[in-house]
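What follows is one structure encoded as structure tokens, with my remarks underneath.
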Amino acid sequence: MKWLRMKRTLAILSSVALLGGFTAFSAAAEEPEVYTPNRAFVIENESASTVALRMTALPNQLGADEEPNGPYHLWARMNIDGLDAINDSQETSISLQAKYGYYPAGSMDMEYRTVELCSWTADTDGWVDMTLPDGPHLTLEALDPLQADDANCDVTVEFAMTNAKGTFQIADLVIADKTDTIVYSLANDPCFSGITDFSRKQSSEPSFMWSPVISGGDASIGVETAAVSTYVPNYVLTLDVPANEEGESTYPEDCAYLHLNVKDPGTTAFTAEGSPYTLRGMVKVENFAKNDTQYDAEAIARSQNPAFLMGDPLGTYHGLTGDTNGWVPFLKGDGTPFTFNYDQIGNWYAQFWGSWGCTGQYSLADFEVLDKDGNVVYSFATDTDLVDGTDYGAAHFTPTTTGGKGGVYLWAAHFDTKYSYRYEVADTITEHTADDYALPVFEETYVPYESGEDPTTPPTGPDEPTGPDEPTGPDEPTDPDEPTDLTDPTPSPGTGATLPLAALPLAALSLAAVLATRRHRQR
Amino acid sequence: MVRKTRLRKWAAVLLLLSMLISCFGGFSASAATTKEITLTTNSDINPFLRIPLYAQTFSSGGPFTVRCEMKVDSFTRTKSDGNLFVNITDGRDSSQMVVWMNTWTRKTNGWVEMTDSNGQYITFENINKVLISGVLEDFGLLQFGAYYGDAVVHYRNFRILNAAGNVVYSWDDDSSLEVGNDVRDMSTNTLYAETFGDGSAEYMLEESGTGEETTTTPTPTPTTTAAPITTPPSDGSTDQTDPTSSQVPDPDTTTTVEHDETTTGGEGETTTPSSSESTASSPTETDPVTGPTTSDPPSQSGGLGAGAIAGIVIGAIVILAGGTFGVLYALKKLPWMKKNGGEPPAPTDGPDGK
């Protein structure tokens, strides 16, 4: 009897253990996938009727330099969280569309044709692949650099949240060409180096393909990049523009900047023979904020699009519109260094670094100018006009003829505003190589979709899109041979919910064993 | 006798030939030549030509009409909003200093007329004082060139007509524009080669014929579907404060020109303050022009000028006359020839060659 009870208890316990184990396992499987993007856009929309990210690419920017390329595949990871309507009476969606520019036969005017690629109307419960509901990757049509009649001459890809509150993330987007070679990678797009806030764009860089759009309310577009800089600076010049204090008579400076002494006779170290010269260093932005100065109309206008600038505001420049979260290379938007030719400097100085309608601390570290042979012509390290621990205040500082040969002017647009330049040297000097001033590179691969792969696609909208494999214009009918699945129930993403069901037969088996034991004893 | 006949025949043929030659030779010699500027961008992102519209010349007699033919051999954008453009600064719009007239983004099928975005010739009113960068200047500015594009563009037959249709200024009549030179190397105050780029562009001025017809002007495009008009120069600062005040450009000889840019995109996008700097020299001579205020209606088909058409007609008449003369001479039907006179026709060879 005692033995029998023991057996029965054991059977029950084992059943419970089995069930518990499977339940725990399935619960773990249900948790959202842990995914750390190399780089992601984070769109957070509170009330904006439309928030969008547009990427306009010319043929040569997608590997079509001399002849047509494509069709292309667009692949990314995405995460939708807290999606809800801003206005309950209107439709809510997150959509992706491609707009192609082309010249109709004989026309000089470009026309556009829009293709709806996909849309989503529900949370994704974590990171999922951005694909069609049944698995295939999204397709972009071929581009033609020769501008033939009716051929696509450019494409604008647009992600848009319409009447949609919540968070929408797009990560590690790549575009692969007809040979499955990656021709664009968000993670390796040099334009986003040091950019953490992309709610605004402030850059003259022609290769900067993305643009933010926020209208009709509050929203933000952030950029998160995985690489964390480990750069240890030695010689640091920091521009500090304090916040505007209401009631104070002195306003924060809205445009402070450094000049490089290129042509000041007697004090310059640069020559036509040494050209072209290359600038290099590292920059960092902290405590970035809009400058609320009311100094004058120009200052107020500048504060409408604040940024700390790399480069010449009147020429090529790239704006940092938020904190950089550490040191980033001092480079143009295309990832190449700023350069200049002695003969091309119209005046005797070159403006290359400064503030624009913002407050915060903007630092330049280990700045150097190299000649055409790579020799250092000027550097913070050897500039005897810059003294460790000195706060140069708001005075316009001109390098002396003896110590600041080829040096920098610490300057600003106004004399009676609040700002300061501070120079500091590290206690311990760290050796750096040229590689330290380069952008990090993420290794990325594109794996083409193969028929039969399980999709991990989120639910899509009920009434779009046309199938991207056979993209059609607004006036063209969808190919009946290419069903788009749009009217069919869309498969839900795999959540792991089937696992507990698998435990049930086992539990039943255990229970049966218990019952069998009991029956055997009764006999 | 036979010899004399042959001589006469040869004389007739030579006469006919000389008539034809003189006709075509004369026609081609009289065909108009024009000064043509070829803009080759190379790696320059924003090269353009600037034409000062001096009050001395254009203070009365307007409205004036700008006529210019352009031919785009090649154009490849290097930025999504790259284009070829024409703009004007003449004070017509108090809200914007530089007014954008038209843009092009594709090579043309031969020569086309430079027009505004509605397909109309660019016109401007009398120039008196024009507000440029906060300073009232005695001139306006007309500018055309390239913005972020690899391009080879030709401009020719540039002229400005007053309301009466008379040419007030033209490249062809401007002796300061020396053929065979790059505009950058010229000492003139009527045309400037400017850039906001790296200066690698070429602006070669050469003489060319107008034999190649101008094709139809661009079809007017509704503004709602037109490509966004883009400003050439960069976004960014309007400020370029000098470290020392002594470096400020001399206001007597140079003028800072700034223009604002609004980023294109969706509703509610932010506006980017921007500017560009360039210089224009002070105006000099040229007589003011007066005339009635009737505008020169633009031709939708460019085409040949009246002189060229007249030349063709006269040439055709001469050719026909020459041909008729030859035929009549061969048939001995000319009035001074005897009906049955002259030399008997030369015997033709028989089938056997005998």
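Ordering of the structure tokens sets the chain letters (A, B, ...), residue numbers begin anew at 1 in every chain, and ligands are numbered from 1 in the order given.
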
Do you have, as CSV, the list of residues of chain A lying at most 7 Å from chain B, each with its nearest atom pair and that distance in Å to one decimal, counting only C-alpha atoms and ordered by chain then number?
residue,atom,partner,partner_atom,distance
A:Thr56,CA,B:Ser80,CA,6.6
A:Ala57,CA,B:Ser80,CA,6.9
A:Leu58,CA,B:Ser80,CA,6.4
A:Met108,CA,B:Arg106,CA,6.1
A:Met110,CA,B:Ala227,CA,6.8
A:Ser204,CA,B:Ser234,CA,5.9
A:Pro206,CA,B:Lys79,CA,5.0
A:Ser207,CA,B:Lys79,CA,6.6
A:Val213,CA,B:Gly266,CA,5.9
A:Ile214,CA,B:Glu269,CA,6.4
A:Ser215,CA,B:Gly268,CA,4.8
A:Gly216,CA,B:Gly268,CA,7.0
A:Arg302,CA,B:Pro273,CA,6.7
A:Asn305,CA,B:Thr272,CA,6.2
A:Pro313,CA,B:Gly236,CA,4.8
A:Leu314,CA,B:Ser237,CA,6.0
A:Gly315,CA,B:Ser234,CA,6.3
A:Ala413,CA,B:Thr241,CA,6.0

**OP:** Measuring atom to atom with only C-alpha atoms, identify which of A:Thr139, A:Thr121, A:Gln344, A:Gln97 is nearest to Tyr449 in chain A.
**Re:**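 Closest to Tyr449 in chain A of all the choices is A:Thr139.
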
Original post:
Quick one: residues within 9 Å of Thr316 in chain A, only C-alpha atoms counted, chain neighbours fewer than 5 positions away excluded, as a ChimeraX atom specification?
Top reply: /A:203-205,310-311,332-333,338 /B:234-235

Output C-alpha atoms for every residue in that selection, as a PDB file, in the first residue's frame.
ATOM      1  CA  SER A 203      24.145  68.852 -43.878  1.00  0.00           C
ATOM      2  CA  SER A 204      25.333  69.876 -47.311  1.00  0.00           C
ATOM      3  CA  GLU A 205      26.525  66.370 -48.027  1.00  0.00           C
ATOM      4  CA  MET A 310      32.022  70.109 -39.106  1.00  0.00           C
ATOM      5  CA  GLY A 311      33.276  71.974 -42.154  1.00  0.00           C
ATOM      6  CA  LYS A 332      32.705  64.956 -44.087  1.00  0.00           C
ATOM      7  CA  GLY A 333      29.316  63.333 -44.438  1.00  0.00           C
ATOM      8  CA  PHE A 338      38.029  67.621 -45.079  1.00  0.00           C
TER       9      PHE A 338
ATOM     10  CA  SER B 234      24.686  75.117 -49.860  1.00  0.00           C
ATOM     11  CA  ASP B 235      22.691  75.227 -46.712  1.00  0.00           C
TER      12      ASP B 235
END

Subject >> Neighbour list for Val155 in chain A as a ChimeraX atom specification, cut-off 9 Å, only C-alpha atoms, skip fewer than 3 positions in-chain >> reply: /A:55-59,98-101,140-141,143,152

Okay, now the selection with N, CA and C atoms, as an mmCIF file, in the first residue's frame?
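Done, and the output landed in again11.cif:
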data_model
loop_
_atom_site.group_PDB
_atom_site.id
_atom_site.type_symbol
_atom_site.label_atom_id
_atom_site.label_comp_id
_atom_site.auth_asym_id
_atom_site.auth_seq_id
_atom_site.Cartn_x
_atom_site.Cartn_y
_atom_site.Cartn_z
ATOM 1 N N MET A 55 14.311 58.053 -48.166
ATOM 2 C CA MET A 55 15.645 57.802 -48.694
ATOM 3 C C MET A 55 15.567 57.906 -50.224
ATOM 4 N N THR A 56 16.192 58.932 -50.745
ATOM 5 C CA THR A 56 16.201 59.108 -52.203
ATOM 6 C C THR A 56 17.552 58.691 -52.748
ATOM 7 N N ALA A 57 17.544 57.719 -53.626
ATOM 8 C CA ALA A 57 18.801 57.182 -54.163
ATOM 9 C C ALA A 57 18.855 57.382 -55.672
ATOM 10 N N LEU A 58 20.002 57.864 -56.115
ATOM 11 C CA LEU A 58 20.273 57.952 -57.548
ATOM 12 C C LEU A 58 20.888 56.631 -57.998
ATOM 13 N N PRO A 59 20.856 56.371 -59.278
ATOM 14 C CA PRO A 59 21.404 55.088 -59.759
ATOM 15 C C PRO A 59 22.822 54.818 -59.274
ATOM 16 N N ALA A 98 7.620 52.946 -52.469
ATOM 17 C CA ALA A 98 8.738 53.365 -53.317
ATOM 18 C C ALA A 98 8.188 54.270 -54.407
ATOM 19 N N LYS A 99 8.864 55.392 -54.588
ATOM 20 C CA LYS A 99 8.446 56.337 -55.629
ATOM 21 C C LYS A 99 9.575 56.426 -56.651
ATOM 22 N N TYR A 100 9.242 56.149 -57.894
ATOM 23 C CA TYR A 100 10.253 56.129 -58.953
ATOM 24 C C TYR A 100 10.116 57.373 -59.839
ATOM 25 N N GLY A 101 11.241 58.018 -60.085
ATOM 26 C CA GLY A 101 11.259 59.143 -61.012
ATOM 27 C C GLY A 101 11.665 58.659 -62.395
ATOM 28 N N LEU A 140 12.821 46.402 -54.969
ATOM 29 C CA LEU A 140 12.825 47.709 -55.636
ATOM 30 C C LEU A 140 13.156 47.483 -57.101
ATOM 31 N N GLU A 141 12.550 48.263 -57.947
ATOM 32 C CA GLU A 141 12.762 48.098 -59.382
ATOM 33 C C GLU A 141 14.161 48.570 -59.794
ATOM 34 N N LEU A 143 17.189 50.539 -61.667
ATOM 35 C CA LEU A 143 17.454 51.951 -61.946
ATOM 36 C C LEU A 143 18.385 52.068 -63.151
ATOM 37 N N ASN A 152 13.491 54.036 -64.798
ATOM 38 C CA ASN A 152 13.575 54.657 -63.481
ATOM 39 C C ASN A 152 14.919 55.363 -63.313
#

Subject >> Atom pair CA of Val98 in chain B / CA of Asn189 in chain B: separation (Å) >> reply: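 One can read the CA of Val98 in chain B to CA of Asn189 in chain B distance as 20.4 Å.
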
Original post:
Residues of range 251-321 of chain A in strand (DSSP E) according to DSSP, as a list in words?
Top reply: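 Taking range 251-321 of chain A and keeping strand (DSSP E) gives Ala256, Tyr257, Leu258, His259, Leu260, Asn261, Tyr277, Thr278, Leu279, Arg280, Gly281, Met282, Val283, Lys284, Val285, Glu286, Asn287, Phe288, Ala289, Lys290, Ala307, Phe308, Leu309, Met310, Gly311, Tyr317, His318, Gly319 and Leu320 of chain A.
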